[in-house]
$ cat structure19.pdb   # PDB, C-alpha atoms
ATOM      1  CA  MET A   1     108.906 180.519  95.742
ATOM      2  CA  VAL A   2     107.137 177.215  95.123
ATOM      3  CA  GLN A   3     108.642 174.342  97.094
ATOM      4  CA  ALA A   4     108.563 170.720  95.910
ATOM      5  CA  ILE A   5     108.722 167.935  98.489
ATOM      6  CA  GLN A   6     108.437 164.165  98.385
ATOM      7  CA  ALA A   7     105.285 162.600  99.823
ATOM      8  CA  GLU A   8     107.315 160.225 101.976
ATOM      9  CA  ALA A   9     108.767 163.223 103.847
ATOM     10  CA  LEU A  10     105.341 164.448 105.020
ATOM     11  CA  THR A  11     104.160 164.148 108.601
ATOM     12  CA  LEU A  12     100.514 163.704 109.542
ATOM     13  CA  TYR A  13     100.521 167.347 110.685
ATOM     14  CA  ASP A  14     101.833 168.420 107.261
ATOM     15  CA  VAL A  15      99.076 166.564 105.438
ATOM     16  CA  GLU A  16      96.311 167.908 107.679
ATOM     17  CA  THR A  17      97.469 171.527 107.450
ATOM     18  CA  LYS A  18      98.542 171.639 103.800
ATOM     19  CA  PHE A  19      95.388 169.975 102.496
ATOM     20  CA  GLY A  20      92.910 171.097 105.154
ATOM     21  CA  LEU A  21      92.115 167.576 106.353
ATOM     22  CA  GLN A  22      90.293 166.835 109.574
ATOM     23  CA  ARG A  23      90.113 163.424 111.217
ATOM     24  CA  SER A  24      86.565 162.226 111.845
ATOM     25  CA  GLU A  25      85.810 160.441 115.101
ATOM     26  CA  ASN A  26      82.239 159.640 114.007
ATOM     27  CA  ASP A  27      81.735 155.860 114.045
ATOM     28  CA  GLN A  28      79.305 156.179 111.123
ATOM     29  CA  PHE A  29      81.805 157.950 108.865
ATOM     30  CA  PHE A  30      83.789 154.825 107.935
ATOM     31  CA  LYS A  31      81.578 151.752 108.234
ATOM     32  CA  GLU A  32      82.908 150.038 105.117
ATOM     33  CA  TRP A  33      85.682 148.278 107.035
ATOM     34  CA  SER A  34      83.382 146.700 109.627
ATOM     35  CA  ASP A  35      79.728 146.404 108.531
ATOM     36  CA  ASP A  36      78.167 143.657 106.390
ATOM     37  CA  LEU A  37      81.427 142.223 105.067
ATOM     38  CA  PRO A  38      80.997 139.438 102.507
ATOM     39  CA  GLU A  39      81.371 135.857 103.693
ATOM     40  CA  LEU A  40      84.530 134.031 102.629
ATOM     41  CA  THR A  41      84.561 130.514 101.256
ATOM     42  CA  ALA A  42      86.397 127.674 102.984
ATOM     43  CA  GLN A  43      88.897 127.662 100.106
ATOM     44  CA  GLU A  44      89.591 131.394 100.496
ATOM     45  CA  LYS A  45      90.196 130.959 104.223
ATOM     46  CA  GLN A  46      92.539 128.059 103.523
ATOM     47  CA  GLN A  47      94.527 130.201 101.088
ATOM     48  CA  LEU A  48      94.715 133.042 103.600
ATOM     49  CA  ASP A  49      95.937 130.653 106.287
ATOM     50  CA  ARG A  50      98.742 129.686 103.905
ATOM     51  CA  VAL A  51      99.571 133.372 103.273
ATOM     52  CA  LYS A  52      99.809 133.994 107.018
ATOM     53  CA  ALA A  53     101.956 130.906 107.561
ATOM     54  CA  SER A  54     104.282 131.969 104.726
ATOM     55  CA  TYR A  55     104.596 135.465 106.132
ATOM     56  CA  LEU A  56     105.307 134.323 109.689
ATOM     57  CA  ASN A  57     108.020 132.017 108.385
ATOM     58  CA  LEU A  58     109.704 134.764 106.356
ATOM     59  CA  ASP A  59     109.276 137.295 109.166
ATOM     60  CA  LYS A  60     112.071 135.515 111.031
ATOM     61  CA  TYR A  61     114.459 137.216 108.619
ATOM     62  CA  PRO A  62     114.825 140.810 107.349
ATOM     63  CA  MET A  63     111.942 141.510 104.959
ATOM     64  CA  LEU A  64     112.031 144.298 102.387
ATOM     65  CA  GLU A  65     109.061 146.217 100.990
ATOM     66  CA  ASN A  66     109.042 144.207  97.761
ATOM     67  CA  THR A  67     108.869 140.978  99.756
ATOM     68  CA  VAL A  68     105.838 142.304 101.639
ATOM     69  CA  LYS A  69     104.119 143.015  98.313
ATOM     70  CA  MET A  70     104.943 139.598  96.903
ATOM     71  CA  VAL A  71     104.078 137.469  99.941
ATOM     72  CA  VAL A  72     101.070 139.302 101.394
ATOM     73  CA  LEU A  73      99.658 141.979  99.075
ATOM     74  CA  SER A  74      99.666 140.044  95.819
ATOM     75  CA  PRO A  75      97.596 137.080  97.132
ATOM     76  CA  LEU A  76      95.122 139.477  98.780
ATOM     77  CA  LEU A  77      94.607 141.485  95.588
ATOM     78  CA  ASP A  78      94.207 138.264  93.615
ATOM     79  CA  LEU A  79      91.597 136.829  95.990
ATOM     80  CA  ALA A  80      89.754 140.182  95.997
ATOM     81  CA  GLY A  81      89.425 139.877  92.217
ATOM     82  CA  PHE A  82      91.409 143.019  91.443
ATOM     83  CA  TYR A  83      93.507 141.301  88.769
ATOM     84  CA  LEU A  84      90.389 140.477  86.731
ATOM     85  CA  PRO A  85      87.994 142.655  84.689
ATOM     86  CA  PRO A  86      86.616 145.206  85.271
ATOM     87  CA  PHE A  87      89.554 146.128  87.523
ATOM     88  CA  ARG A  88      93.192 146.777  86.775
ATOM     89  CA  ILE A  89      96.339 147.435  88.778
ATOM     90  CA  ALA A  90      98.895 150.224  88.362
ATOM     91  CA  ALA A  91     102.239 150.000  90.175
ATOM     92  CA  GLU A  92     104.482 152.925  91.095
ATOM     93  CA  GLU A  93     101.915 155.376  89.710
ATOM     94  CA  PRO A  94     103.376 158.934  89.749
ATOM     95  CA  VAL A  95     101.262 161.635  91.415
ATOM     96  CA  GLN A  96     101.656 165.364  92.009
ATOM     97  CA  ILE A  97      99.487 167.465  94.315
ATOM     98  CA  THR A  98      99.601 171.199  94.990
ATOM     99  CA  ALA A  99      98.813 172.336  98.519
ATOM    100  CA  GLU A 100      96.391 175.260  98.451
ATOM    101  CA  ASP A 101      97.709 176.978 101.587
ATOM    102  CA  ASP A 102     101.250 177.654 100.377
ATOM    103  CA  GLY A 103     101.440 176.266  96.851
ATOM    104  CA  THR A 104     103.800 173.473  97.901
ATOM    105  CA  ILE A 105     104.036 170.737  95.289
ATOM    106  CA  VAL A 106     103.999 167.214  96.713
ATOM    107  CA  ARG A 107     105.343 164.478  94.481
ATOM    108  CA  GLY A 108     105.414 160.735  94.937
ATOM    109  CA  ARG A 109     104.595 157.320  93.551
ATOM    110  CA  ILE A 110     101.707 155.158  94.722
ATOM    111  CA  ASP A 111     102.993 151.647  95.420
ATOM    112  CA  VAL A 112      99.852 149.945  94.132
ATOM    113  CA  LEU A 113      96.730 151.603  92.726
ATOM    114  CA  VAL A 114      93.543 149.626  92.044
ATOM    115  CA  LEU A 115      91.412 151.172  89.299
ATOM    116  CA  LEU A 116      88.016 150.640  87.706
ATOM    117  CA  ASN A 117      88.189 152.333  84.312
ATOM    118  CA  GLN A 118      89.642 155.711  85.367
ATOM    119  CA  PHE A 119      88.208 155.627  88.884
ATOM    120  CA  TRP A 120      90.539 155.042  91.797
ATOM    121  CA  ILE A 121      89.329 152.281  94.103
ATOM    122  CA  LEU A 122      92.234 151.829  96.479
ATOM    123  CA  ALA A 123      95.643 153.448  96.961
ATOM    124  CA  ILE A 124      98.033 151.085  98.736
ATOM    125  CA  GLU A 125     101.206 152.136 100.512
ATOM    126  CA  SER A 126     103.498 149.383 101.772
ATOM    127  CA  LYS A 127     106.585 149.588 103.951
ATOM    128  CA  SER A 128     109.165 147.076 105.074
ATOM    129  CA  THR A 129     108.646 145.343 108.401
ATOM    130  CA  LYS A 130     111.162 147.606 110.146
ATOM    131  CA  PHE A 131     108.708 150.529 109.865
ATOM    132  CA  ALA A 132     105.569 150.983 111.951
ATOM    133  CA  VAL A 133     102.448 150.774 109.803
ATOM    134  CA  THR A 134     101.362 154.203 111.086
ATOM    135  CA  GLU A 135     104.351 155.814 109.356
ATOM    136  CA  ALA A 136     102.666 155.236 106.003
ATOM    137  CA  ARG A 137      99.503 157.197 106.896
ATOM    138  CA  PRO A 138     100.657 160.662 105.767
ATOM    139  CA  GLN A 139     101.903 159.343 102.440
ATOM    140  CA  ALA A 140      98.724 157.370 101.790
ATOM    141  CA  LEU A 141      96.498 160.338 102.674
ATOM    142  CA  ALA A 142      98.468 162.624 100.352
ATOM    143  CA  TYR A 143      97.931 160.173  97.499
ATOM    144  CA  MET A 144      94.229 159.915  98.318
ATOM    145  CA  VAL A 145      93.974 163.712  98.092
ATOM    146  CA  ALA A 146      95.324 163.384  94.546
ATOM    147  CA  ASN A 147      92.368 161.189  93.515
ATOM    148  CA  PRO A 148      90.801 163.063  90.560
ATOM    149  CA  ASN A 149      87.296 161.830  91.439
ATOM    150  CA  PHE A 150      85.683 164.220  93.930
ATOM    151  CA  GLU A 151      82.242 162.636  93.905
ATOM    152  CA  LYS A 152      83.097 159.343  95.612
ATOM    153  CA  PRO A 153      85.123 158.639  98.756
ATOM    154  CA  SER A 154      88.775 157.702  98.407
ATOM    155  CA  PHE A 155      90.080 154.597 100.152
ATOM    156  CA  GLY A 156      93.579 153.609 101.119
ATOM    157  CA  LEU A 157      95.448 150.727 102.703
ATOM    158  CA  THR A 158      98.758 150.890 104.511
ATOM    159  CA  THR A 159     100.734 147.816 105.519
ATOM    160  CA  ASN A 160     104.168 146.760 106.685
ATOM    161  CA  GLY A 161     103.303 143.120 106.132
ATOM    162  CA  THR A 162     102.529 142.490 109.791
ATOM    163  CA  GLU A 163      99.904 145.195 110.315
ATOM    164  CA  PHE A 164      97.224 146.774 108.123
ATOM    165  CA  ILE A 165      95.187 149.981 108.377
ATOM    166  CA  PHE A 166      92.406 151.057 105.998
ATOM    167  CA  LEU A 167      91.732 154.759 105.401
ATOM    168  CA  LYS A 168      88.772 156.688 104.012
ATOM    169  CA  LEU A 169      88.802 160.267 102.739
ATOM    170  CA  ILE A 170      85.913 162.477 101.616
ATOM    171  CA  LYS A 171      86.968 165.669  99.857
ATOM    172  CA  GLN A 172      83.578 167.337  99.387
ATOM    173  CA  GLY A 173      82.983 170.315 101.676
ATOM    174  CA  LYS A 174      85.383 170.145 104.609
ATOM    175  CA  PRO A 175      87.763 167.256 103.765
ATOM    176  CA  GLN A 176      87.605 164.518 106.385
ATOM    177  CA  TYR A 177      89.337 161.198 106.866
ATOM    178  CA  ALA A 178      89.098 158.244 109.211
ATOM    179  CA  LEU A 179      91.026 155.073 109.991
ATOM    180  CA  SER A 180      90.015 151.495 110.601
ATOM    181  CA  ASN A 181      91.267 149.423 113.495
ATOM    182  CA  VAL A 182      94.758 148.007 113.120
ATOM    183  CA  PHE A 183      94.742 144.430 111.830
ATOM    184  CA  SER A 184      97.747 142.272 112.645
ATOM    185  CA  LEU A 185      99.067 138.901 111.557
ATOM    186  CA  LEU A 186     100.372 138.503 115.112
ATOM    187  CA  ASN A 187      96.836 138.374 116.492
ATOM    188  CA  ARG A 188      95.169 135.066 117.293
ATOM    189  CA  GLY A 189      93.097 133.692 114.454
ATOM    190  CA  ASN A 190      93.661 135.240 111.052
ATOM    191  CA  ASP A 191      92.946 138.941 110.498
ATOM    192  CA  LEU A 192      93.477 138.379 106.767
ATOM    193  CA  TYR A 193      89.891 137.091 106.664
ATOM    194  CA  THR A 194      88.591 140.527 107.608
ATOM    195  CA  ILE A 195      91.105 142.335 105.395
ATOM    196  CA  LEU A 196      89.995 140.342 102.363
ATOM    197  CA  GLY A 197      86.358 140.986 103.263
ATOM    198  CA  VAL A 198      87.015 144.736 103.331
ATOM    199  CA  LEU A 199      88.837 144.614  99.982
ATOM    200  CA  LYS A 200      85.931 142.757  98.401
ATOM    201  CA  GLN A 201      83.426 145.179  99.886
ATOM    202  CA  LEU A 202      85.307 148.232  98.571
ATOM    203  CA  GLY A 203      85.419 146.710  95.097
ATOM    204  CA  GLU A 204      81.680 146.077  95.161
ATOM    205  CA  LEU A 205      80.836 149.564  96.468
ATOM    206  CA  ILE A 206      82.877 151.426  93.876
ATOM    207  CA  SER A 207      81.713 149.267  90.971
ATOM    208  CA  GLN A 208      78.019 149.821  91.732
TER     209      GLN A 208
END
$ encode --input "structure19.pdb" --output "structure tokens"
Amino acid sequence: MVQAIQAEALTLYDVETKFGLQRSENDQFFKEWSDDLPELTAQEKQQLDRVKASYLNLDKYPMLENTVKMVVLSPLLDLAGFYLPPFRIAAEEPVQITAEDDGTIVRGRIDVLVLLNQFWILAIESKSTKFAVTEARPQALAYMVANPNFEKPSFGLTTNGTEFIFLKLIKQGKPQYALSNVFSLLNRGNDLYTILGVLKQLGELISQ
């Protein structure tokens, strides 16, 4: 009997076994989050400093997932140029994936999906601040598996507002994935500079 489950109920073990994923520990596998990031302008850095200040102020109070999207994600996507042509944004995009090992159907909705024509650029999964950012990894990976484009890598971003992790998945051959370092708004300086640089780089890579 075919079983249907929600993506948010998956563990990392579930995702790896149901979809045959293997985590890559090769430093060369996922260089897009660290190598040759574009330089930011002084104005962009100023805007990101304001985003961080706004978040740290609101973080003194309970913050829901929608607040995280509004305060942190929306400015980042705007500065990355994802609201302008040739990109577009889809919110709460429904997805359904069938696991090959047991025929389990996984259903869910991608919080934010960045697209270029019909190509997926970035699947974003956000949580409220009461959840660890790592809890969003299985859900994000499941959505990345659902990417209909097999030829190019899939990228994801998970965040709880405070912390951010980028993900990369290659489905050709033996499916592999890797994670970036964890970026945090509690670190000294402003990790949003690097996060925006990665977002810009991903947009450029996919649009080439």
$ resolve_selection --input "structure19.pdb" --expression "the PyMOL selection byres ((chain A and resi 54-66) around 8)" --output "list in words"
Arg50, Val51, Lys52, Ala53, Thr67, Val68, Lys69, Met70, Val71, Val72, Ser126, Lys127, Ser128, Thr129, Asn160, Gly161 and Leu185 of chain A
$ residues_around --input "structure19.pdb" --residues "Tyr13 in chain A" --least-positions-apart "5" --cutoff "12 Å" --atoms "only C-alpha atoms" --output "PyMOL selection string"
chain A and resi 18-23+137-139+141-142
$ write_last_selection --input "structure19.pdb" --atoms "C-alpha atoms" --output "PDB file, keeping the file's coordinate frame"
ATOM      1  CA  LYS A  18      98.542 171.639 103.800  1.00  0.00           C
ATOM      2  CA  PHE A  19      95.388 169.975 102.496  1.00  0.00           C
ATOM      3  CA  GLY A  20      92.910 171.097 105.154  1.00  0.00           C
ATOM      4  CA  LEU A  21      92.115 167.576 106.353  1.00  0.00           C
ATOM      5  CA  GLN A  22      90.293 166.835 109.574  1.00  0.00           C
ATOM      6  CA  ARG A  23      90.113 163.424 111.217  1.00  0.00           C
ATOM      7  CA  ARG A 137      99.503 157.197 106.896  1.00  0.00           C
ATOM      8  CA  PRO A 138     100.657 160.662 105.767  1.00  0.00           C
ATOM      9  CA  GLN A 139     101.903 159.343 102.440  1.00  0.00           C
ATOM     10  CA  LEU A 141      96.498 160.338 102.674  1.00  0.00           C
ATOM     11  CA  ALA A 142      98.468 162.624 100.352  1.00  0.00           C
TER      12      ALA A 142
END
$ closest_residue --input "structure19.pdb" --among "A:Gln3, A:Glu151, A:Tyr193, A:Gly203" --to "Leu115 in chain A" --atoms "all atoms listed in the file"
A:Gly203
$ resolve_selection --input "structure19.pdb" --expression "the PyMOL selection byres ((chain A and resi 91) around 7)" --output "list in words"
Ile89, Ala90, Glu92, Glu93, Ile110, Asp111, Val112 and Leu113 of chain A
$ resolve_selection --input "structure19.pdb" --expression "the PyMOL selection byres ((chain A and resi 94) around 6)" --output "PyMOL selection string"
chain A and resi 93+95+108-109
$ write_last_selection --input "structure19.pdb" --atoms "C-alpha atoms" --output "PDB file, in the coordinates of the input"
ATOM      1  CA  GLU A  93     101.915 155.376  89.710  1.00  0.00           C
ATOM      2  CA  VAL A  95     101.262 161.635  91.415  1.00  0.00           C
ATOM      3  CA  GLY A 108     105.414 160.735  94.937  1.00  0.00           C
ATOM      4  CA  ARG A 109     104.595 157.320  93.551  1.00  0.00           C
TER       5      ARG A 109
END
$ axis_aligned_box --input "structure19.pdb" --around "range 165-181 of chain A" --padding-each-side "4 Å" --output "JSON"
{"center_x": 89.1, "center_y": 159.9, "center_z": 106.4, "size_x": 20.2, "size_y": 28.9, "size_z": 22.1}
$ closest_residue --input "structure19.pdb" --among "A:Phe82, A:Tyr143, A:Trp120, A:Phe87" --to "Val106 in chain A" --atoms "all atoms listed in the file"
A:Tyr143
$ closest_residue --input "structure19.pdb" --among "A:Glu44, A:Phe183, A:Asp36, A:Phe30" --to "Lys168 in chain A" --atoms "all atoms listed in the file"
A:Phe30
$ atom_distance --input "structure19.pdb" --atom1 "CA of Val198 in chain A" --atom2 "CA of Pro148 in chain A"
22.7 Å
$ closest_residue --input "structure19.pdb" --among "A:Ile5, A:Leu167, A:Leu116, A:Ile124" --to "Ser74 in chain A" --atoms "all atoms listed in the file"
A:Ile124
$ closest_residue --input "structure19.pdb" --among "A:Leu205, A:Val114, A:Asn187, A:Asn149" --to "Leu84 in chain A" --atoms "only C-alpha atoms"
A:Val114
$ closest_residue --input "structure19.pdb" --among "A:Ile195, A:Ile165, A:Ala4, A:Leu179" --to "Asn26 in chain A" --atoms "all atoms listed in the file"
A:Leu179
$ atom_distance --input "structure19.pdb" --atom1 "CA of Thr41 in chain A" --atom2 "CA of Leu79 in chain A"
10.8 Å
$ residues_around --input "structure19.pdb" --residues "Glu135 in chain A" --least-positions-apart "6" --cutoff "9 Å" --atoms "all atoms listed in the file" --output "ChimeraX atom specification"
/A:11-12,127,158
$ residues_around --input "structure19.pdb" --residues "Gly197 in chain A" --least-positions-apart "4" --cutoff "8 Å" --atoms "all atoms listed in the file" --output "mmCIF file with C-alpha atoms, keeping the file's coordinate frame"
data_model
loop_
_atom_site.group_PDB
_atom_site.id
_atom_site.type_symbol
_atom_site.label_atom_id
_atom_site.label_comp_id
_atom_site.auth_asym_id
_atom_site.auth_seq_id
_atom_site.Cartn_x
_atom_site.Cartn_y
_atom_site.Cartn_z
ATOM 1 C CA LEU A 37 81.427 142.223 105.067
ATOM 2 C CA PRO A 38 80.997 139.438 102.507
ATOM 3 C CA GLU A 39 81.371 135.857 103.693
ATOM 4 C CA LEU A 40 84.530 134.031 102.629
ATOM 5 C CA TYR A 193 89.891 137.091 106.664
ATOM 6 C CA GLN A 201 83.426 145.179 99.886
#
$ atom_distance --input "structure19.pdb" --atom1 "CA of Phe29 in chain A" --atom2 "CA of Met144 in chain A"
16.4 Å
$ decode --input "structure19.pdb" --residues "range 126-140 of chain A" --atoms "N, CA and C atoms" --output "tab-separated table (two decimals), in the first residue's frame"
chain	number	residue	atom	x	y	z
A	126	SER	N	12.09	28.15	5.41
A	126	SER	CA	12.30	28.99	6.59
A	126	SER	C	11.51	28.43	7.77
A	127	LYS	N	12.05	28.62	8.95
A	127	LYS	CA	11.41	28.21	10.19
A	127	LYS	C	11.36	29.40	11.13
A	128	SER	N	10.58	29.27	12.18
A	128	SER	CA	10.58	30.32	13.20
A	128	SER	C	11.85	30.19	14.03
A	129	THR	N	12.14	31.22	14.81
A	129	THR	CA	13.39	31.24	15.57
A	129	THR	C	13.45	30.18	16.66
A	130	LYS	N	12.32	29.59	17.01
A	130	LYS	CA	12.35	28.58	18.08
A	130	LYS	C	12.87	27.23	17.58
A	131	PHE	N	13.05	27.09	16.25
A	131	PHE	CA	13.58	25.86	15.68
A	131	PHE	C	15.04	26.04	15.30
A	132	ALA	N	15.83	24.99	15.47
A	132	ALA	CA	17.21	25.01	14.99
A	132	ALA	C	17.19	24.99	13.47
A	133	VAL	N	18.13	25.70	12.85
A	133	VAL	CA	18.15	25.79	11.39
A	133	VAL	C	18.37	24.42	10.77
A	134	THR	N	19.05	23.52	11.47
A	134	THR	CA	19.32	22.18	10.94
A	134	THR	C	18.05	21.36	10.78
A	135	GLU	N	16.99	21.71	11.49
A	135	GLU	CA	15.74	20.95	11.39
A	135	GLU	C	15.09	21.10	10.03
A	136	ALA	N	15.47	22.12	9.28
A	136	ALA	CA	14.88	22.33	7.97
A	136	ALA	C	15.60	21.58	6.86
A	137	ARG	N	16.75	20.97	7.16
A	137	ARG	CA	17.54	20.29	6.12
A	137	ARG	C	16.78	19.17	5.41
A	138	PRO	N	16.14	18.24	6.13
A	138	PRO	CA	15.46	17.16	5.43
A	138	PRO	C	14.37	17.67	4.49
A	139	GLN	N	13.61	18.64	4.94
A	139	GLN	CA	12.53	19.19	4.12
A	139	GLN	C	13.09	19.86	2.87
A	140	ALA	N	14.14	20.65	3.04
A	140	ALA	CA	14.74	21.34	1.90
A	140	ALA	C	15.31	20.34	0.89
